[in-house]
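Structure first, commentary second.
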Amino acid sequence: MSASQLATLFRRYRAFQWDPAGQGFVLASGVVSPCYVDCRALLAHPDARWLAARLACAAIRDVPCEAVGGMEIGAIPLATAISDYAFAAQPSRTLRTFTVRKAAKEHGLGKRIEGMVEADDRVIIVDDVLTSGQSILHALRAAGEAKLRATHALVIVDRQEQNGRQTVETAGVSLISLLTMDDLKTAKPG
């Protein structure tokens, strides 16, 4: 299984829409784009989750870490799929998961980071789509406040716009992307 197969699944599950001549789609940043990437729709399918997790585990095989996670909601299914796949693979690897809240809870323990991480853990920040890089930066700040060590970030799709990659890498983090927008545009509908 390959990245091109994952790109094909984006097309098959209508998780990628491209309207070069139309009105476009408003992104979270407010920018209008002719492309919309919906990783929630993609990761709703077990074959796509399994393939994304397999590709992610191969990409981070040599990165030392104890946990994977990122901002709510986008990182949750990806981090969980990576953790489950890594544990089931041979050789098995235990990667705990965590989720960064947009704001600390106002009840209970008042946590900003949920899951099982401890100070000095090596973590990989994950997210579904990279556009401006702001979501990853928010997760990195929260990880830093919790004294976690994040040297890598992984995304399913790098939109290759708004200087997202440069923003993340300027923060001192190596970025891994499973796919780019070009991969999605050239994928065969499956």
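Chain labels run A, B, ... following the order of the structure tokens; each chain numbers its residues from 1, and ligands are numbered from 1 in the order shown.
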
For this session: Check the DSSP output for the backbone and give back, as number ranges by chain, the residues of stretch 69-118 of chain A in alpha helix (DSSP H).
Result: A: 75-88

Problem set entry | Shell of 8 Å around stretch 126-141 of chain A, only C-alpha atoms, local chain residues under 3 positions omitted, as an NGL selection string | :A and (29 or 37 or 39 or 68-71 or 74-75 or 78-79 or 100 or 144-145 or 150 or 153-165 or 167-168 or 171)

Exercise. If you count only C-alpha atoms, which residues fall within 8 Å of A:Glu118, apart from same-chain ones fewer than 6 positions away, as a list of chain:residue names?
Worked result: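 So, after excluding close chain neighbours, the residues are A:Ala146, A:Lys147, A:Leu148.
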
Problem set entry | Who sits within 7 Å of A:Met116, only C-alpha atoms, same chain under 4 positions skipped, as a ChimeraX atom specification | /A:96-98

Problem set entry | stretch 147-184 of chain A: residues DSSP assigns to strand (DSSP E or B), reported as a list of chain:residue names |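 Those in stretch 147-184 of chain A that DSSP calls strand (DSSP E or B) are A:Arg149, A:Ala150, A:Thr151, A:His152, A:Ala153, A:Leu154, A:Val155, A:Ile156, A:Val157, A:Asp158, A:Ser174, A:Leu175, A:Ile176, A:Ser177, A:Leu178, A:Leu179, A:Thr180.
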
Problem set entry | Residue neighbourhood A:Trp50, 9 Å, only C-alpha atoms, exclusion window fewer than 6 positions, as a list in words |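 So, after excluding close chain neighbours, the residues are Leu43, Ala81, Ile82 and Tyr85 of chain A.
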
Exercise. So which residues touch A:Gly22 within 12 Å, counting only C-alpha atoms, skipping near sequence neighbours fewer than 4 positions away, as a list in words?
Worked result: Gln17, Trp18, Val32, Ser33, Pro34 and Cys35 of chain A

Store the residues picked out above, limited to C-alpha atoms, as a PDB file, in the first residue's frame.
```pdb
ATOM      1  CA  GLN A  17     -13.086  18.406  -3.596  1.00  0.00           C
ATOM      2  CA  TRP A  18     -11.553  20.539  -6.299  1.00  0.00           C
ATOM      3  CA  VAL A  32     -11.007  31.013  -0.167  1.00  0.00           C
ATOM      4  CA  SER A  33      -9.463  28.015  -1.909  1.00  0.00           C
ATOM      5  CA  PRO A  34     -10.514  25.984  -4.957  1.00  0.00           C
ATOM      6  CA  CYS A  35      -9.712  22.825  -2.934  1.00  0.00           C
TER       7      CYS A  35
END
```

Problem set entry | Contacts of A:Ile60 at 12 Å (only C-alpha atoms; same-chain gap of 6+ positions) as a list in words |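 Once the nearby chain positions are removed, what remains is Ala53, Arg54, Glu66, Ala67, Val68, Ile82, Ser83, Ala86, Arg93, Leu95, Val123, Ile124, Ile125, Val126, Thr151, His152, Ala153, Leu154, Val155, Ser174, Leu175, Ile176, Ser177 and Leu178 of chain A.
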